[in-house]
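**Student:** Below is the file data-v7.cif, with mmCIF, C-alpha atoms.
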data_entry
loop_
_atom_site.label_atom_id
_atom_site.label_comp_id
_atom_site.auth_asym_id
_atom_site.auth_seq_id
_atom_site.Cartn_x
_atom_site.Cartn_y
_atom_site.Cartn_z
CA MET M 1 -77.45 191.46 -43.84
CA MET M 2 -74.34 193.62 -43.76
CA PHE M 3 -75.01 196.86 -41.91
CA ASP M 4 -72.30 199.51 -41.64
CA LYS M 5 -71.93 201.24 -38.27
CA LYS M 6 -72.18 204.57 -40.11
CA ASN M 7 -75.68 203.68 -41.30
CA ILE M 8 -78.84 204.24 -39.25
CA CYS M 9 -82.08 202.32 -38.94
CA ILE M 10 -85.36 204.06 -38.20
CA ILE M 11 -88.44 202.91 -36.32
CA GLY M 12 -91.50 203.96 -38.29
CA TYR M 13 -91.63 204.62 -42.02
CA SER M 14 -94.25 207.02 -43.35
CA GLY M 15 -94.61 210.78 -43.87
CA HIS M 16 -92.64 211.97 -40.83
CA ALA M 17 -89.95 209.39 -41.48
CA TYR M 18 -89.44 210.78 -44.99
CA VAL M 19 -88.49 214.12 -43.42
CA VAL M 20 -86.14 212.33 -41.03
CA CYS M 21 -84.43 210.60 -43.98
CA ASP M 22 -83.81 213.96 -45.65
CA ILE M 23 -82.38 215.44 -42.45
CA PHE M 24 -79.91 212.58 -42.01
CA ALA M 25 -78.94 212.84 -45.68
CA SER M 26 -78.16 216.56 -45.24
CA THR M 27 -75.47 215.60 -42.71
CA GLY M 28 -73.94 212.89 -44.88
CA LYS M 29 -75.41 210.04 -42.82
CA LYS M 30 -77.37 207.24 -44.40
CA ILE M 31 -80.57 205.54 -43.27
CA THR M 32 -80.48 202.02 -44.65
CA ALA M 33 -83.31 200.10 -42.96
CA TYR M 34 -86.53 200.45 -41.02
CA TYR M 35 -88.69 198.71 -38.44
CA GLU M 36 -92.48 198.66 -38.74
CA GLU M 37 -95.37 196.38 -37.77
CA GLU M 38 -95.49 195.26 -41.40
CA GLU M 39 -93.55 195.97 -44.57
CA LYS M 40 -94.58 199.14 -46.38
CA ILE M 41 -95.77 199.02 -49.99
CA THR M 42 -94.50 202.58 -50.50
CA ASN M 43 -90.72 202.74 -50.07
CA PRO M 44 -89.44 206.03 -51.55
CA PHE M 45 -85.96 205.75 -50.01
CA GLY M 46 -85.39 202.10 -50.88
CA LEU M 47 -84.91 201.01 -47.27
CA ILE M 48 -84.56 197.42 -46.11
CA TYR M 49 -87.42 196.10 -43.97
CA LEU M 50 -86.17 194.58 -40.72
CA GLY M 51 -89.50 193.53 -39.19
CA ASN M 52 -91.17 194.58 -35.93
CA GLU M 53 -88.93 196.36 -33.42
CA ARG M 54 -90.42 194.41 -30.50
CA THR M 55 -88.99 191.03 -31.46
CA GLN M 56 -85.95 189.59 -29.72
CA ALA M 57 -84.00 189.69 -32.97
CA ALA M 58 -84.73 193.41 -33.27
CA ILE M 59 -83.72 194.06 -29.66
CA ASP M 60 -80.39 192.30 -30.21
CA PHE M 61 -79.83 194.27 -33.43
CA LEU M 62 -80.75 197.65 -31.95
CA LYS M 63 -78.30 197.20 -29.08
CA LYS M 64 -75.50 197.27 -31.65
CA HIS M 65 -76.65 199.83 -34.21
CA THR M 66 -77.67 203.49 -34.23
CA CYS M 67 -81.41 204.05 -34.45
CA PHE M 68 -83.95 206.87 -34.55
CA ILE M 69 -87.68 206.87 -33.76
CA ALA M 70 -89.20 208.47 -36.87
CA ILE M 71 -92.82 208.70 -35.71
CA GLY M 72 -94.76 211.97 -35.49
CA ASN M 73 -97.30 210.91 -32.84
CA ASN M 74 -95.99 212.06 -29.47
CA ARG M 75 -97.45 209.25 -27.37
CA ILE M 76 -96.39 206.49 -29.76
CA ARG M 77 -92.88 207.95 -29.91
CA GLU M 78 -92.76 208.00 -26.11
CA ASN M 79 -94.01 204.42 -25.83
CA ILE M 80 -91.36 203.15 -28.23
CA TYR M 81 -88.67 205.05 -26.35
CA LYS M 82 -89.81 203.43 -23.09
CA PHE M 83 -89.69 200.02 -24.77
CA LEU M 84 -86.13 200.65 -25.97
CA SER M 85 -85.05 201.85 -22.53
CA SER M 86 -86.65 198.87 -20.78
CA ASN M 87 -84.57 196.60 -23.01
CA GLU M 88 -81.35 198.51 -22.30
CA ILE M 89 -81.11 199.88 -25.82
CA ASP M 90 -79.11 203.10 -25.68
CA THR M 91 -78.21 203.54 -29.34
CA LEU M 92 -80.87 206.18 -30.02
CA THR M 93 -79.41 209.28 -31.64
CA ALA M 94 -80.46 212.92 -32.15
CA ILE M 95 -80.27 214.69 -35.52
CA ALA M 96 -80.16 218.30 -36.73
CA HIS M 97 -80.41 219.39 -40.37
CA ALA M 98 -77.19 220.77 -41.80
CA ASN M 99 -78.73 224.23 -42.22
CA ALA M 100 -80.40 224.41 -38.81
CA SER M 101 -78.98 227.00 -36.41
CA CYS M 102 -78.34 225.60 -32.93
CA SER M 103 -76.59 227.65 -30.23
CA PHE M 104 -73.49 226.06 -28.76
CA SER M 105 -75.07 226.63 -25.34
CA ALA M 106 -78.27 224.73 -26.15
CA LYS M 107 -78.79 221.24 -24.75
CA ILE M 108 -80.61 218.74 -26.95
CA GLY M 109 -81.74 215.31 -25.76
CA MET M 110 -81.41 211.97 -27.50
CA GLY M 111 -83.98 211.11 -30.13
CA THR M 112 -84.74 214.76 -30.88
CA MET M 113 -85.19 215.94 -34.47
CA VAL M 114 -84.20 219.45 -35.56
CA SER M 115 -85.48 220.11 -39.07
CA THR M 116 -84.40 222.43 -41.84
CA LYS M 117 -84.14 226.20 -41.14
CA VAL M 118 -84.86 225.79 -37.41
CA ALA M 119 -83.31 228.34 -35.03
CA ILE M 120 -82.48 227.22 -31.48
CA ASN M 121 -80.95 230.04 -29.49
CA ALA M 122 -78.91 230.53 -26.32
CA LEU M 123 -79.41 228.33 -23.24
CA VAL M 124 -82.37 226.42 -24.67
CA LYS M 125 -83.00 223.01 -23.10
CA ILE M 126 -84.71 220.36 -25.21
CA GLY M 127 -85.64 216.97 -23.81
CA VAL M 128 -85.81 213.47 -25.22
CA GLY M 129 -87.68 212.65 -28.44
CA VAL M 130 -88.75 216.21 -29.28
CA ILE M 131 -89.71 217.29 -32.81
CA CYS M 132 -88.51 220.77 -33.80
CA ASN M 133 -90.16 221.01 -37.19
CA THR M 134 -89.39 223.04 -40.30
CA GLY M 135 -88.51 226.69 -39.69
CA CYS M 136 -89.60 226.93 -36.07
CA ILE M 137 -87.87 229.45 -33.80
CA ILE M 138 -87.03 228.57 -30.20
CA GLU M 139 -85.67 231.64 -28.47
CA HIS M 140 -83.28 231.99 -25.52
CA GLU M 141 -83.82 229.98 -22.33
CA CYS M 142 -86.85 228.05 -23.55
CA GLN M 143 -87.38 224.60 -22.10
CA ILE M 144 -89.04 221.97 -24.28
CA ASN M 145 -89.85 218.80 -22.37
CA ASP M 146 -89.82 215.20 -23.57
CA PHE M 147 -91.81 214.11 -26.66
CA ALA M 148 -93.22 217.56 -27.42
CA HIS M 149 -93.69 218.73 -31.01
CA ILE M 150 -93.00 222.29 -32.17
CA ALA M 151 -94.69 222.46 -35.58
CA PRO M 152 -93.47 224.25 -38.74
CA GLY M 153 -93.09 228.01 -38.40
CA ALA M 154 -94.01 228.19 -34.72
CA VAL M 155 -92.26 230.87 -32.66
CA LEU M 156 -91.47 230.49 -28.96
CA ALA M 157 -90.31 233.80 -27.51
CA GLY M 158 -87.76 233.81 -24.70
CA ASN M 159 -88.09 231.67 -21.57
CA VAL M 160 -91.13 229.67 -22.72
CA THR M 161 -91.75 226.24 -21.18
CA VAL M 162 -93.47 223.48 -23.15
CA GLY M 163 -94.63 220.39 -21.23
CA LYS M 164 -94.33 216.72 -22.10
CA ARG M 165 -96.15 215.49 -25.22
CA SER M 166 -97.54 218.95 -25.96
CA PHE M 167 -98.09 220.15 -29.52
CA VAL M 168 -97.47 223.75 -30.59
CA GLY M 169 -99.24 224.18 -33.94
CA ALA M 170 -97.88 225.53 -37.20
CA ASN M 171 -97.22 229.29 -37.33
CA SER M 172 -98.38 229.81 -33.75
CA VAL M 173 -96.65 232.33 -31.47
CA VAL M 174 -96.07 231.88 -27.75
CA LYS M 175 -95.34 235.04 -25.74
CA GLU M 176 -92.17 235.22 -23.67
CA GLY M 177 -92.32 233.62 -20.24
CA VAL M 178 -95.46 231.56 -20.92
CA LYS M 179 -95.67 228.09 -19.37
CA ILE M 180 -97.46 225.39 -21.37
CA GLY M 181 -98.42 222.26 -19.44
CA ASN M 182 -98.24 218.60 -20.39
CA ASP M 183 -100.46 217.15 -23.15
CA VAL M 184 -101.54 220.58 -24.41
CA VAL M 185 -102.60 221.18 -28.02
CA ILE M 186 -102.17 224.66 -29.50
CA GLY M 187 -103.98 225.14 -32.80
CA ALA M 188 -102.26 226.39 -35.94
CA GLY M 189 -101.82 230.16 -36.13
CA SER M 190 -102.69 230.75 -32.47
CA VAL M 191 -101.20 233.50 -30.31
CA VAL M 192 -100.63 232.33 -26.74
CA ILE M 193 -100.24 235.11 -24.16
CA ASN M 194 -101.15 233.26 -20.95
CA ASP M 195 -100.04 230.05 -19.23
CA ILE M 196 -101.92 226.88 -20.26
CA PRO M 197 -102.58 224.11 -17.71
CA ASP M 198 -102.19 220.41 -18.52
CA GLY M 199 -104.46 218.70 -21.01
CA LEU M 200 -106.09 221.68 -22.70
CA THR M 201 -106.66 222.49 -26.36
CA VAL M 202 -106.53 226.19 -27.30
CA VAL M 203 -106.88 228.05 -30.59
CA GLY M 204 -107.14 231.60 -31.87
CA ASN M 205 -105.70 235.07 -31.34
CA PRO M 206 -105.55 235.37 -28.44
CA ALA M 207 -105.68 231.61 -27.82
CA LYS M 208 -108.85 230.42 -26.08
CA LEU M 209 -109.92 227.09 -24.60
CA ILE M 210 -111.65 224.58 -26.90
CA ASN M 211 -111.78 221.47 -24.75
CA LYS M 212 -110.03 219.46 -22.06
CA VAL M 213 -108.41 216.16 -23.01
CA GLN M 214 -110.13 213.22 -21.30
#
Please express the file's structure as structure tokens.
**Tutor:**
Amino acid sequence: MMFDKKNICIIGYSGHAYVVCDIFASTGKKITAYYEEEEKITNPFGLIYLGNERTQAAIDFLKKHTCFIAIGNNRIRENIYKFLSSNEIDTLTAIAHANASCSFSAKIGMGTMVSTKVAINALVKIGVGVICNTGCIIEHECQINDFAHIAPGAVLAGNVTVGKRSFVGANSVVKEGVKIGNDVVIGAGSVVINDIPDGLTVVGNPAKLINKVQ
């Protein structure tokens, strides 16, 4: 198969990947192919199926071509990234929608997705494999750690920290200076005014504990 260096292959091809395809298209880049455990019946973007990314053929291919992990689940995304790294695959790219607003002073890690109408302001630091979903606002000096997901419409006021693999739900608001631990889940529409330790699920206004992740 001929595969132009300007084209990109994705790992994962379902709902989240469809958003990723649109984001790449907004920048004039083309996703041509995908890796999955098995070929998808639904193929809205007409992509070529390349097989499972964990085969030797896939490893050899990915070492030479730009790729993106298009999977919404934080832990699965992290596991695939670790697999790529362990096989010395360093072709993973980051992507921001053409109409996203990203400060020149922000730092964004590889494999991170910045969706449409997102605002990332001054001195923000975003790690590897983060999802900044539609219309979220990440204010000055926030730090978003690896494989976190900031859901659509969420607002992080200044100097907020979000831990690894944590999920900040749609339309939630996190007060300035709050520190969110690793593996935290914040329910949709919540208002977070206090720090949240690792592994907790909180919801409501103000956000209150629901359960601790086992």
**Student:** Exactly which residues make up the result of the PyMOL selection byres ((chain M and resi 176) around 7) on this file, given as a ChimeraX atom specification?
**Tutor:** /M:157-160,174-175,177-178
**Student:** I need the residue nearest Cys9 (chain M) from this list: M:Lys64, M:Lys208, M:Lys179, M:His97. Use only C-alpha atoms for the distance.
**Tutor:**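 Comparing M:Lys64, M:Lys208, M:Lys179, M:His97 against Cys9 (chain M), the winner is M:Lys64.
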**Student:** Rounded to one decimal place, report the CA of Ala96 (chain M)-CA of Thr55 (chain M) distance in Å.
**Tutor:** 29.1 Å
**Student:** Which residues fall under the PyMOL selection byres ((chain M and resi 182-197) around 12) in this file, as number ranges by chain?
**Tutor:** M: 73-75, 144-157, 160-181, 198-214
**Student:** Would you kindly translate the PyMOL selection byres ((chain M and resi 79) around 12) into the concrete residues it picks from this file, as number ranges by chain?
**Tutor:** M: 11, 54, 69, 71, 73-78, 80-86, 129, 146-147, 165
**Student:** In terms of the shortest atom-to-atom distance over only C-alpha atoms, which of M:Ile126, M:Leu92, M:Ala70, M:Ile108 is closest to Gly12 (chain M)?
**Tutor:**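 For Gly12 (chain M), the nearest of the given residues is M:Ala70.
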**Student:** Given all atoms listed in the file as the basis, pick out the residue of M:Glu141, M:Glu53, M:Asp90, M:Asp22 nearest to Tyr35 (chain M).
**Tutor:**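 Selected residue with least distance to Tyr35 (chain M): M:Glu53.
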**Student:** Fewer than 4 positions away in the same chain doesn't count, so skip those; otherwise give me all residues within 12 Å of Tyr49 (chain M), counting all atoms listed in the file, as a ChimeraX atom specification.
**Tutor:** /M:1,9-13,31-43,45,53,58
